[in-house]
2 protein chains.
Amino acid sequence: MKTLKEIQEYITHTIQQLNWNKAPRGLYEPIEYTLEGGGKRVRPALLLLTANIYDANLEEATAAAMAVEIFHNFTLLHDDVMDKSDTRRGRKTVHIKWNENTAILSGDQMMIEAYSQIAKLSADKLKKVLPLFNKMATEICEGQQYDVDFETQDDVTIPEYTEMIRLKTAVLLATALKIGALLGNADETEAQALYDFGINIGLAFQIKDDYLDVYGDEKTFGKPIGGDILCGKKTYMWLSAWKNATEEERRELMSWLHNQEAIPNEKIQAVRNIYTKVGASRECEVAMEEYHQKAVAELDKIDTNGDKTQELRNLAEKLMGRNK
Amino acid sequence: MKTLKEIQEYITHTIQQLNWNKAPRGLYEPIEYTLEGGGKRVRPALLLLTANIYDANLEEATAAAMAVEIFHNFTLLHDDVMDKSDTRRGRKTVHIKWNENTAILSGDQMMIEAYSQIAKLSADKLKKVLPLFNKMATEICEGQQYDVDFETQDDVTIPEYTEMIRLKTAVLLATALKIGALLGNADETEAQALYDFGINIGLAFQIKDDYLDVYGDEKTFGKPIGGDILCGKKTYMWLSAWKNATEEERRELMSWLHNQEAIPNEKIQAVRNIYTKVGASRECEVAMEEYHQKAVAELDKIDTNGDKTQELRNLAEKLMGRNK
């Protein structure tokens, strides 16, 4: 099992083997539903790819990979309640299909299930991995809180936004990579390089997500275009546009932001035109490319020829090129 | 630090030392608020008492004691959202003082904080304690789910109810005791006896809580009498009464249950009279006493003279006699 494709098949198979067929059904059925909902399984793949590089024990790496995937899906479940999102991956969210209390409690249990996977590690690995996992979990909650705070904060800067998405999104990718490395007893420098690769690819990935919401193709993006514009989310695109806009252009942006009666497609088109005009699209492309380059530079610390990290490099390309 | 009183002072002091003065405030302030809300700190006291008996490392025992106390308060926080409770320990609940999303996210972070305390244990202790902690956490979620299920289930039996409160309440006391013992390298028989002591005292304690809701004194009970009767909760008292009632008495119970216009005190008085008449109070007293005796019998396996377990015996008496 060396290639990304083999690893992804292995992950799908392993998730299917998790047994949720137990009582009480009201607790476990929503967990099963959430985990079978698909998604790209990027985080466990990153973990297993690095575990592979350092010849980690497969059983331990699998448990840790399941832990990060279950934890990730737990955060989506509770975020969907907080954001009142009705759909996720084309299906009803848990609080819509069941109810809010179910989403809260089954989400709690998913977090415990993640820790139950971590508990399978041997004593010395556990002692190293658990604090990392906890730090990541805390940072994701902090990121989510900043995301909530930013909704009602009018002076959010791009560095503040970048820190928020680092916590909310990038840290989980980074930690998955570092755990894989530690399970294979990688030295601290390489483990840290992999962590930093994860942070930078995570930032690039999230900024790309903000970009594709404006300029993407619905078919390949996987969700409707313009969602962020319609709900007035302060994305990288918005913050960049706001920073670069003239007084006149800011007034224009604001009037679209508060225009609830606009025809959705007209609103999206108009805001997109401003984004392009003021150079937000260009700034966003540059930022993505910079973080992508920084990510690759971290891998170059481990090998420049890709002997060890080729599959990670491939995955990074794939993540960044998903609109092609 | 040997007596219960000294241990309780130590716990209060240690909880005050936990540092929540960090950003983002929206995440950590509700955690600080929840943990300074008081409560009897029974669970960390049980853990520290057994840690004391077996001369466990104080630093490790303290971390584990904080973990169980933080976890307990996390469950209360999320339960209050699910139950839509407005007050807890005489103060506004978090979802009332802030909002539901805050209660969800700060609650999630509290669970992570509990695991961060557990992560302080040495590798070999961590490997033993984490699976226990996870099992307890899972069982509490299962207990909560059964509690929810029972609300809409008309044929709940006393054994089913007992299993629910074992999971939701007793397992946390039992696990606190067992962790304290394991941290001191107690042998498996004694650790198990302490666990079973915790289960039985937990059951006795919860049944007593159901009993005091009907027959207690508001001043010493700490919350208004009759709350369970007014919200139609299927407590041990209700289930016992239902089991023992004649057809006529069942009709009477049902008509009170569905009577939303009754004057609260009249409703409480009427249901109390039926409980007494059909022998539910007596059955409840017998059950409490039986579980209390079983609990003490578990301690007798460790010592019959109380050389080692005297403070635990005292705490059990105190828990059972809190209406005096």
# chains A, B, ... in the order shown; residues from 1 in each chain; ligands from 1
>>> interface_residues(of="chain A", to="chain B", cutoff="9 Å", atoms="only C-alpha atoms", output="MDAnalysis selection string")
chainID A and resid 23:27 78:79 81:83 100:102 104:106 108:109 111:113 115:116 119:128 130:131 134:135 137:138 141:146 149
>>> write_last_selection(atoms="C-alpha atoms", output="PDB file, in the first residue's frame")
ATOM      1  CA  ALA A  23     -27.647   0.414  21.161  1.00  0.00           C
ATOM      2  CA  PRO A  24     -28.876   3.016  21.788  1.00  0.00           C
ATOM      3  CA  ARG A  25     -29.663   3.519  18.093  1.00  0.00           C
ATOM      4  CA  GLY A  26     -30.521   7.188  18.648  1.00  0.00           C
ATOM      5  CA  LEU A  27     -26.882   7.793  19.568  1.00  0.00           C
ATOM      6  CA  HIS A  78     -21.399  20.589  15.459  1.00  0.00           C
ATOM      7  CA  ASP A  79     -20.457  23.405  13.035  1.00  0.00           C
ATOM      8  CA  VAL A  81     -25.715  23.001  14.040  1.00  0.00           C
ATOM      9  CA  MET A  82     -24.073  26.333  14.862  1.00  0.00           C
ATOM     10  CA  ASP A  83     -24.268  27.542  11.246  1.00  0.00           C
ATOM     11  CA  GLU A 100     -30.498  19.512  17.340  1.00  0.00           C
ATOM     12  CA  ASN A 101     -30.219  17.513  20.548  1.00  0.00           C
ATOM     13  CA  THR A 102     -29.273  14.436  18.542  1.00  0.00           C
ATOM     14  CA  ILE A 104     -25.167  17.684  19.946  1.00  0.00           C
ATOM     15  CA  LEU A 105     -25.082  14.306  21.705  1.00  0.00           C
ATOM     16  CA  SER A 106     -23.989  12.152  18.759  1.00  0.00           C
ATOM     17  CA  ASP A 108     -20.066  14.518  21.607  1.00  0.00           C
ATOM     18  CA  GLN A 109     -19.907  10.760  21.243  1.00  0.00           C
ATOM     19  CA  MET A 111     -15.310  13.120  19.785  1.00  0.00           C
ATOM     20  CA  ILE A 112     -15.085  10.352  22.397  1.00  0.00           C
ATOM     21  CA  GLU A 113     -14.827   7.770  19.597  1.00  0.00           C
ATOM     22  CA  TYR A 115     -10.129   9.558  21.545  1.00  0.00           C
ATOM     23  CA  SER A 116     -10.989   5.855  21.772  1.00  0.00           C
ATOM     24  CA  ALA A 119      -6.216   5.108  23.070  1.00  0.00           C
ATOM     25  CA  LYS A 120      -5.230   2.098  20.936  1.00  0.00           C
ATOM     26  CA  LEU A 121      -1.662   3.398  20.559  1.00  0.00           C
ATOM     27  CA  SER A 122       1.141   1.823  22.563  1.00  0.00           C
ATOM     28  CA  ALA A 123       2.039   3.611  25.815  1.00  0.00           C
ATOM     29  CA  ASP A 124       5.039   5.529  24.486  1.00  0.00           C
ATOM     30  CA  LYS A 125       3.306   6.583  21.261  1.00  0.00           C
ATOM     31  CA  LEU A 126       0.198   7.564  23.192  1.00  0.00           C
ATOM     32  CA  LYS A 127       2.228   9.784  25.491  1.00  0.00           C
ATOM     33  CA  LYS A 128       3.584  11.626  22.426  1.00  0.00           C
ATOM     34  CA  LEU A 130      -2.287  12.610  22.792  1.00  0.00           C
ATOM     35  CA  PRO A 131      -0.922  16.094  23.645  1.00  0.00           C
ATOM     36  CA  ASN A 134      -5.437  17.790  22.216  1.00  0.00           C
ATOM     37  CA  LYS A 135      -3.590  20.886  21.028  1.00  0.00           C
ATOM     38  CA  ALA A 137      -8.593  19.937  18.986  1.00  0.00           C
ATOM     39  CA  THR A 138      -8.290  23.066  21.123  1.00  0.00           C
ATOM     40  CA  CYS A 141     -12.406  25.185  18.712  1.00  0.00           C
ATOM     41  CA  GLU A 142     -10.500  28.478  18.986  1.00  0.00           C
ATOM     42  CA  GLY A 143     -10.625  28.872  15.200  1.00  0.00           C
ATOM     43  CA  GLN A 144     -14.367  28.233  15.179  1.00  0.00           C
ATOM     44  CA  GLN A 145     -14.814  30.852  17.932  1.00  0.00           C
ATOM     45  CA  TYR A 146     -12.822  33.432  15.925  1.00  0.00           C
ATOM     46  CA  ASP A 149     -16.500  36.493  16.369  1.00  0.00           C
TER      47      ASP A 149
END
>>> residues_around(residues="Glu190 (chain A)", least_positions_apart="6", cutoff="12 Å", atoms="only C-alpha atoms", output="list in words")
Thr50, Ile53, Tyr54, Leu177, Lys178, Ile179, Gly180, Ala181, Leu182, Gly184, Asp196, Phe197, Glu298, Leu299, Asp300, Lys301, Ile302, Asp303, Lys308 and Thr309 of chain A
>>> write_last_selection(atoms="C-alpha atoms", output="JSON list (two decimals), in the first residue's frame")
[["chain", "number", "residue", "atom", "x", "y", "z"],
["A", 50, "THR", "CA", 3.58, 9.94, 6.27],
["A", 53, "ILE", "CA", 7.25, 7.10, 4.63],
["A", 54, "TYR", "CA", 8.60, 6.26, 8.10],
["A", 177, "LEU", "CA", 0.94, 14.59, 8.98],
["A", 178, "LYS", "CA", 2.97, 15.01, 12.17],
["A", 179, "ILE", "CA", 1.23, 12.12, 13.94],
["A", 180, "GLY", "CA", 2.02, 9.83, 11.00],
["A", 181, "ALA", "CA", 5.66, 10.89, 11.24],
["A", 182, "LEU", "CA", 5.87, 10.44, 15.02],
["A", 184, "GLY", "CA", 7.23, 6.06, 12.55],
["A", 196, "ASP", "CA", 4.58, 23.14, 8.39],
["A", 197, "PHE", "CA", 3.85, 21.61, 4.99],
["A", 298, "GLU", "CA", 8.99, 22.31, 3.60],
["A", 299, "LEU", "CA", 9.02, 18.99, 1.76],
["A", 300, "ASP", "CA", 12.30, 20.00, 0.12],
["A", 301, "LYS", "CA", 13.82, 19.99, 3.62],
["A", 302, "ILE", "CA", 13.14, 16.24, 3.70],
["A", 303, "ASP", "CA", 14.05, 15.39, 0.11],
["A", 308, "LYS", "CA", 10.25, 9.94, 0.16],
["A", 309, "THR", "CA", 7.62, 12.61, -0.30]]
>>> residues_around(residues="Glu36 (chain B)", least_positions_apart="5", cutoff="9 Å", atoms="only C-alpha atoms", output="tab-separated table (two decimals) with C-alpha atoms, in the first residue's frame")
chain	number	residue	atom	x	y	z
B	12	THR	CA	-11.48	24.27	45.31
B	15	ILE	CA	-9.87	24.61	40.25
B	16	GLN	CA	-9.28	28.30	40.97
B	31	ILE	CA	-15.84	27.57	30.75
>>> residues_around(residues="region 89-95 of chain B", least_positions_apart="4", cutoff="9 Å", atoms="only C-alpha atoms", output="CSV table (one decimal) with C-alpha atoms, in the first residue's frame")
chain,number,residue,atom,x,y,z
B,30,PRO,CA,-18.2,30.4,29.6
B,31,ILE,CA,-15.8,27.6,30.8
B,33,TYR,CA,-18.2,30.6,34.5
B,34,THR,CA,-19.2,26.9,34.5
B,37,GLY,CA,-20.3,27.6,39.6
B,38,GLY,CA,-19.5,25.3,42.6
B,39,GLY,CA,-21.2,22.0,43.1
B,77,LEU,CA,-23.5,22.2,30.2
B,80,ASP,CA,-28.8,21.9,30.1
B,81,VAL,CA,-28.9,22.8,26.4
B,84,LYS,CA,-33.6,23.7,27.9
B,85,SER,CA,-32.8,24.3,31.6
B,99,ASN,CA,-26.5,31.5,23.6
B,100,GLU,CA,-26.8,27.9,22.4
B,101,ASN,CA,-23.9,28.0,20.0
B,102,THR,CA,-21.6,29.2,22.8
B,103,ALA,CA,-22.9,26.4,25.0
B,104,ILE,CA,-22.1,23.8,22.3
B,222,GLY,CA,-30.8,22.7,47.0
B,223,LYS,CA,-33.6,22.9,44.4
>>> closest_residue(among="A:Asn19, A:Asn265, A:Thr62, A:Thr152", to="Pro224 (chain A)", atoms="only C-alpha atoms")
A:Asn265
>>> closest_residue(among="B:Asp210, B:Leu49, B:Ala287, B:Trp20", to="Gln310 (chain B)", atoms="only C-alpha atoms")
B:Leu49
>>> atom_distance(atom1="CA of Pro44 (chain A)", atom2="CA of Ala176 (chain A)")
6.9 Å
>>> select_by_dssp(residues="region 150-222 of chain A", states="alpha helix (DSSP H)", output="PDB file with N, CA and C atoms, in the first residue's frame")
ATOM      1  N   PHE A 150     -15.803  36.935  14.068  1.00  0.00           N
ATOM      2  CA  PHE A 150     -15.585  37.776  12.884  1.00  0.00           C
ATOM      3  C   PHE A 150     -16.899  38.178  12.207  1.00  0.00           C
ATOM      4  N   GLU A 151     -17.939  37.346  12.407  1.00  0.00           N
ATOM      5  CA  GLU A 151     -19.228  37.665  11.778  1.00  0.00           C
ATOM      6  C   GLU A 151     -19.727  39.047  12.187  1.00  0.00           C
ATOM      7  N   ILE A 158      -6.596  40.747   6.986  1.00  0.00           N
ATOM      8  CA  ILE A 158      -6.196  39.495   6.325  1.00  0.00           C
ATOM      9  C   ILE A 158      -5.293  38.649   7.239  1.00  0.00           C
ATOM     10  N   PRO A 159      -4.348  39.241   7.969  1.00  0.00           N
ATOM     11  CA  PRO A 159      -3.581  38.401   8.907  1.00  0.00           C
ATOM     12  C   PRO A 159      -4.464  37.740   9.973  1.00  0.00           C
ATOM     13  N   GLU A 160      -5.469  38.463  10.478  1.00  0.00           N
ATOM     14  CA  GLU A 160      -6.373  37.856  11.462  1.00  0.00           C
ATOM     15  C   GLU A 160      -7.166  36.711  10.833  1.00  0.00           C
ATOM     16  N   TYR A 161      -7.630  36.946   9.619  1.00  0.00           N
ATOM     17  CA  TYR A 161      -8.379  35.909   8.915  1.00  0.00           C
ATOM     18  C   TYR A 161      -7.500  34.681   8.667  1.00  0.00           C
ATOM     19  N   THR A 162      -6.256  34.940   8.267  1.00  0.00           N
ATOM     20  CA  THR A 162      -5.327  33.845   7.994  1.00  0.00           C
ATOM     21  C   THR A 162      -5.081  33.018   9.260  1.00  0.00           C
ATOM     22  N   GLU A 163      -4.941  33.706  10.393  1.00  0.00           N
ATOM     23  CA  GLU A 163      -4.756  32.998  11.663  1.00  0.00           C
ATOM     24  C   GLU A 163      -5.996  32.149  11.981  1.00  0.00           C
ATOM     25  N   MET A 164      -7.175  32.695  11.714  1.00  0.00           N
ATOM     26  CA  MET A 164      -8.411  31.949  11.971  1.00  0.00           C
ATOM     27  C   MET A 164      -8.447  30.667  11.142  1.00  0.00           C
ATOM     28  N   ILE A 165      -8.158  30.765   9.838  1.00  0.00           N
ATOM     29  CA  ILE A 165      -8.227  29.541   9.012  1.00  0.00           C
ATOM     30  C   ILE A 165      -7.055  28.601   9.311  1.00  0.00           C
ATOM     31  N   VAL A 171      -4.490  23.378  10.877  1.00  0.00           N
ATOM     32  CA  VAL A 171      -3.877  22.642  11.986  1.00  0.00           C
ATOM     33  C   VAL A 171      -4.231  21.148  11.952  1.00  0.00           C
ATOM     34  N   LEU A 172      -5.416  20.823  11.506  1.00  0.00           N
ATOM     35  CA  LEU A 172      -5.812  19.408  11.475  1.00  0.00           C
ATOM     36  C   LEU A 172      -5.017  18.645  10.410  1.00  0.00           C
ATOM     37  N   LEU A 173      -4.810  19.277   9.246  1.00  0.00           N
ATOM     38  CA  LEU A 173      -3.977  18.641   8.214  1.00  0.00           C
ATOM     39  C   LEU A 173      -2.551  18.472   8.743  1.00  0.00           C
ATOM     40  N   ALA A 174      -2.030  19.543   9.339  1.00  0.00           N
ATOM     41  CA  ALA A 174      -0.658  19.536   9.847  1.00  0.00           C
ATOM     42  C   ALA A 174      -0.469  18.455  10.916  1.00  0.00           C
ATOM     43  N   THR A 175      -1.434  18.360  11.818  1.00  0.00           N
ATOM     44  CA  THR A 175      -1.319  17.396  12.911  1.00  0.00           C
ATOM     45  C   THR A 175      -1.418  15.971  12.388  1.00  0.00           C
ATOM     46  N   ALA A 176      -2.283  15.747  11.418  1.00  0.00           N
ATOM     47  CA  ALA A 176      -2.388  14.409  10.819  1.00  0.00           C
ATOM     48  C   ALA A 176      -1.024  13.983  10.265  1.00  0.00           C
ATOM     49  N   LEU A 177      -0.376  14.891   9.557  1.00  0.00           N
ATOM     50  CA  LEU A 177       0.939  14.592   8.982  1.00  0.00           C
ATOM     51  C   LEU A 177       1.972  14.320  10.070  1.00  0.00           C
ATOM     52  N   LYS A 178       1.965  15.150  11.110  1.00  0.00           N
ATOM     53  CA  LYS A 178       2.972  15.013  12.166  1.00  0.00           C
ATOM     54  C   LYS A 178       2.763  13.722  12.959  1.00  0.00           C
ATOM     55  N   ILE A 179       1.502  13.368  13.205  1.00  0.00           N
ATOM     56  CA  ILE A 179       1.232  12.125  13.939  1.00  0.00           C
ATOM     57  C   ILE A 179       1.765  10.931  13.145  1.00  0.00           C
ATOM     58  N   GLY A 180       1.502  10.919  11.838  1.00  0.00           N
ATOM     59  CA  GLY A 180       2.025   9.833  11.000  1.00  0.00           C
ATOM     60  C   GLY A 180       3.533   9.713  11.121  1.00  0.00           C
ATOM     61  N   ALA A 181       4.198  10.882  11.130  1.00  0.00           N
ATOM     62  CA  ALA A 181       5.656  10.892  11.236  1.00  0.00           C
ATOM     63  C   ALA A 181       6.113  10.376  12.599  1.00  0.00           C
ATOM     64  N   LEU A 182       5.468  10.848  13.671  1.00  0.00           N
ATOM     65  CA  LEU A 182       5.873  10.435  15.022  1.00  0.00           C
ATOM     66  C   LEU A 182       5.644   8.939  15.239  1.00  0.00           C
ATOM     67  N   LEU A 183       4.569   8.423  14.665  1.00  0.00           N
ATOM     68  CA  LEU A 183       4.305   6.983  14.819  1.00  0.00           C
ATOM     69  C   LEU A 183       5.411   6.161  14.169  1.00  0.00           C
ATOM     70  N   GLU A 188      12.637  14.929  14.800  1.00  0.00           N
ATOM     71  CA  GLU A 188      11.809  16.098  15.112  1.00  0.00           C
ATOM     72  C   GLU A 188      11.821  17.117  13.968  1.00  0.00           C
ATOM     73  N   THR A 189      12.973  17.289  13.299  1.00  0.00           N
ATOM     74  CA  THR A 189      13.061  18.263  12.201  1.00  0.00           C
ATOM     75  C   THR A 189      12.128  17.877  11.056  1.00  0.00           C
ATOM     76  N   GLU A 190      12.150  16.615  10.691  1.00  0.00           N
ATOM     77  CA  GLU A 190      11.286  16.182   9.584  1.00  0.00           C
ATOM     78  C   GLU A 190       9.813  16.229   9.984  1.00  0.00           C
ATOM     79  N   ALA A 191       9.531  15.826  11.238  1.00  0.00           N
ATOM     80  CA  ALA A 191       8.144  15.886  11.712  1.00  0.00           C
ATOM     81  C   ALA A 191       7.631  17.324  11.655  1.00  0.00           C
ATOM     82  N   GLN A 192       8.497  18.259  12.040  1.00  0.00           N
ATOM     83  CA  GLN A 192       8.102  19.670  12.035  1.00  0.00           C
ATOM     84  C   GLN A 192       7.933  20.178  10.598  1.00  0.00           C
ATOM     85  N   ALA A 193       8.814  19.753   9.700  1.00  0.00           N
ATOM     86  CA  ALA A 193       8.687  20.151   8.285  1.00  0.00           C
ATOM     87  C   ALA A 193       7.356  19.660   7.714  1.00  0.00           C
ATOM     88  N   LEU A 194       6.974  18.439   8.081  1.00  0.00           N
ATOM     89  CA  LEU A 194       5.697  17.904   7.606  1.00  0.00           C
ATOM     90  C   LEU A 194       4.529  18.694   8.187  1.00  0.00           C
ATOM     91  N   TYR A 195       4.662  19.052   9.479  1.00  0.00           N
ATOM     92  CA  TYR A 195       3.624  19.881  10.111  1.00  0.00           C
ATOM     93  C   TYR A 195       3.486  21.196   9.355  1.00  0.00           C
ATOM     94  N   ASP A 196       4.613  21.834   9.066  1.00  0.00           N
ATOM     95  CA  ASP A 196       4.577  23.135   8.391  1.00  0.00           C
ATOM     96  C   ASP A 196       4.096  23.012   6.942  1.00  0.00           C
ATOM     97  N   PHE A 197       4.438  21.910   6.306  1.00  0.00           N
ATOM     98  CA  PHE A 197       3.854  21.609   4.992  1.00  0.00           C
ATOM     99  C   PHE A 197       2.323  21.598   5.106  1.00  0.00           C
ATOM    100  N   GLY A 198       1.828  20.924   6.143  1.00  0.00           N
ATOM    101  CA  GLY A 198       0.373  20.834   6.346  1.00  0.00           C
ATOM    102  C   GLY A 198      -0.269  22.190   6.575  1.00  0.00           C
ATOM    103  N   ILE A 199       0.373  23.022   7.386  1.00  0.00           N
ATOM    104  CA  ILE A 199      -0.167  24.363   7.649  1.00  0.00           C
ATOM    105  C   ILE A 199      -0.275  25.144   6.343  1.00  0.00           C
ATOM    106  N   ASN A 200       0.807  25.141   5.559  1.00  0.00           N
ATOM    107  CA  ASN A 200       0.811  25.954   4.346  1.00  0.00           C
ATOM    108  C   ASN A 200      -0.118  25.409   3.264  1.00  0.00           C
ATOM    109  N   ILE A 201      -0.173  24.100   3.150  1.00  0.00           N
ATOM    110  CA  ILE A 201      -1.086  23.543   2.151  1.00  0.00           C
ATOM    111  C   ILE A 201      -2.532  23.763   2.615  1.00  0.00           C
ATOM    112  N   GLY A 202      -2.745  23.727   3.930  1.00  0.00           N
ATOM    113  CA  GLY A 202      -4.086  23.986   4.480  1.00  0.00           C
ATOM    114  C   GLY A 202      -4.537  25.413   4.207  1.00  0.00           C
ATOM    115  N   LEU A 203      -3.631  26.358   4.386  1.00  0.00           N
ATOM    116  CA  LEU A 203      -3.963  27.761   4.113  1.00  0.00           C
ATOM    117  C   LEU A 203      -4.247  27.945   2.620  1.00  0.00           C
ATOM    118  N   ALA A 204      -3.370  27.388   1.788  1.00  0.00           N
ATOM    119  CA  ALA A 204      -3.564  27.496   0.338  1.00  0.00           C
ATOM    120  C   ALA A 204      -4.917  26.905  -0.061  1.00  0.00           C
ATOM    121  N   PHE A 205      -5.228  25.771   0.527  1.00  0.00           N
ATOM    122  CA  PHE A 205      -6.459  25.035   0.234  1.00  0.00           C
ATOM    123  C   PHE A 205      -7.702  25.857   0.618  1.00  0.00           C
ATOM    124  N   GLN A 206      -7.661  26.471   1.807  1.00  0.00           N
ATOM    125  CA  GLN A 206      -8.821  27.237   2.270  1.00  0.00           C
ATOM    126  C   GLN A 206      -8.988  28.517   1.451  1.00  0.00           C
ATOM    127  N   ILE A 207      -7.868  29.168   1.120  1.00  0.00           N
ATOM    128  CA  ILE A 207      -7.955  30.385   0.308  1.00  0.00           C
ATOM    129  C   ILE A 207      -8.479  30.028  -1.083  1.00  0.00           C
ATOM    130  N   LYS A 208      -8.045  28.890  -1.592  1.00  0.00           N
ATOM    131  CA  LYS A 208      -8.559  28.405  -2.879  1.00  0.00           C
ATOM    132  C   LYS A 208     -10.076  28.175  -2.795  1.00  0.00           C
ATOM    133  N   ASP A 209     -10.523  27.645  -1.648  1.00  0.00           N
ATOM    134  CA  ASP A 209     -11.955  27.417  -1.449  1.00  0.00           C
ATOM    135  C   ASP A 209     -12.716  28.749  -1.519  1.00  0.00           C
ATOM    136  N   ASP A 210     -12.152  29.781  -0.887  1.00  0.00           N
ATOM    137  CA  ASP A 210     -12.760  31.118  -0.930  1.00  0.00           C
ATOM    138  C   ASP A 210     -12.788  31.642  -2.367  1.00  0.00           C
ATOM    139  N   TYR A 211     -11.707  31.372  -3.093  1.00  0.00           N
ATOM    140  CA  TYR A 211     -11.561  31.837  -4.480  1.00  0.00           C
ATOM    141  C   TYR A 211     -12.572  31.133  -5.386  1.00  0.00           C
ATOM    142  N   LEU A 212     -12.682  29.810  -5.205  1.00  0.00           N
ATOM    143  CA  LEU A 212     -13.574  29.029  -6.073  1.00  0.00           C
ATOM    144  C   LEU A 212     -15.037  29.352  -5.817  1.00  0.00           C
ATOM    145  N   ASP A 213     -15.346  29.821  -4.611  1.00  0.00           N
ATOM    146  CA  ASP A 213     -16.723  30.236  -4.347  1.00  0.00           C
ATOM    147  C   ASP A 213     -17.121  31.377  -5.285  1.00  0.00           C
ATOM    148  N   VAL A 214     -16.143  32.142  -5.751  1.00  0.00           N
ATOM    149  CA  VAL A 214     -16.401  33.277  -6.646  1.00  0.00           C
ATOM    150  C   VAL A 214     -16.201  32.888  -8.111  1.00  0.00           C
ATOM    151  N   TYR A 215     -15.105  32.180  -8.373  1.00  0.00           N
ATOM    152  CA  TYR A 215     -14.715  31.951  -9.770  1.00  0.00           C
ATOM    153  C   TYR A 215     -14.802  30.488 -10.212  1.00  0.00           C
ATOM    154  N   GLU A 218     -19.307  25.104 -10.843  1.00  0.00           N
ATOM    155  CA  GLU A 218     -20.164  24.359  -9.920  1.00  0.00           C
ATOM    156  C   GLU A 218     -19.948  22.851 -10.010  1.00  0.00           C
ATOM    157  N   LYS A 219     -19.710  22.368 -11.224  1.00  0.00           N
ATOM    158  CA  LYS A 219     -19.604  20.913 -11.433  1.00  0.00           C
ATOM    159  C   LYS A 219     -18.413  20.325 -10.688  1.00  0.00           C
ATOM    160  N   THR A 220     -17.277  21.036 -10.724  1.00  0.00           N
ATOM    161  CA  THR A 220     -16.088  20.493 -10.069  1.00  0.00           C
ATOM    162  C   THR A 220     -15.936  20.994  -8.637  1.00  0.00           C
ATOM    163  N   PHE A 221     -16.574  22.124  -8.288  1.00  0.00           N
ATOM    164  CA  PHE A 221     -16.426  22.699  -6.948  1.00  0.00           C
ATOM    165  C   PHE A 221     -17.184  21.869  -5.911  1.00  0.00           C
TER     166      PHE A 221
END
>>> closest_residue(among="A:Asn21, A:Leu230, A:Leu48, A:Asp307", to="Ala270 (chain A)", atoms="only C-alpha atoms")
A:Leu230
>>> residues_around(residues="Arg272 (chain A)", least_positions_apart="4", cutoff="9 Å", atoms="only C-alpha atoms", output="PyMOL selection string")
chain A and resi 214-215+226+229+267-268+276-277+281
>>> write_last_selection(atoms="N, CA and C atoms", output="mmCIF file, in the first residue's frame")
data_model
loop_
_atom_site.group_PDB
_atom_site.id
_atom_site.type_symbol
_atom_site.label_atom_id
_atom_site.label_comp_id
_atom_site.auth_asym_id
_atom_site.auth_seq_id
_atom_site.Cartn_x
_atom_site.Cartn_y
_atom_site.Cartn_z
ATOM 1 N N VAL A 214 -16.143 32.142 -5.751
ATOM 2 C CA VAL A 214 -16.401 33.277 -6.646
ATOM 3 C C VAL A 214 -16.201 32.888 -8.111
ATOM 4 N N TYR A 215 -15.105 32.180 -8.373
ATOM 5 C CA TYR A 215 -14.715 31.951 -9.770
ATOM 6 C C TYR A 215 -14.802 30.488 -10.212
ATOM 7 N N GLY A 226 -20.916 31.025 -5.229
ATOM 8 C CA GLY A 226 -21.460 32.288 -4.713
ATOM 9 C C GLY A 226 -22.101 32.203 -3.339
ATOM 10 N N ILE A 229 -20.802 34.782 -0.995
ATOM 11 C CA ILE A 229 -21.254 36.139 -1.352
ATOM 12 C C ILE A 229 -22.679 36.345 -0.866
ATOM 13 N N LYS A 267 -26.428 39.461 -7.964
ATOM 14 C CA LYS A 267 -25.595 39.862 -6.833
ATOM 15 C C LYS A 267 -24.210 39.214 -6.946
ATOM 16 N N ILE A 268 -24.200 37.927 -7.230
ATOM 17 C CA ILE A 268 -22.924 37.210 -7.346
ATOM 18 C C ILE A 268 -22.081 37.813 -8.471
ATOM 19 N N THR A 276 -12.841 41.395 -9.097
ATOM 20 C CA THR A 276 -11.862 41.342 -10.190
ATOM 21 C C THR A 276 -11.253 42.724 -10.419
ATOM 22 N N LYS A 277 -12.129 43.731 -10.438
ATOM 23 C CA LYS A 277 -11.692 45.098 -10.730
ATOM 24 C C LYS A 277 -10.670 45.606 -9.709
ATOM 25 N N SER A 281 -8.989 39.099 -6.866
ATOM 26 C CA SER A 281 -8.759 37.780 -7.464
ATOM 27 C C SER A 281 -7.259 37.550 -7.632
#
>>> atom_distance(atom1="CA of Ala56 (chain A)", atom2="CA of Asp187 (chain A)")
12.9 Å
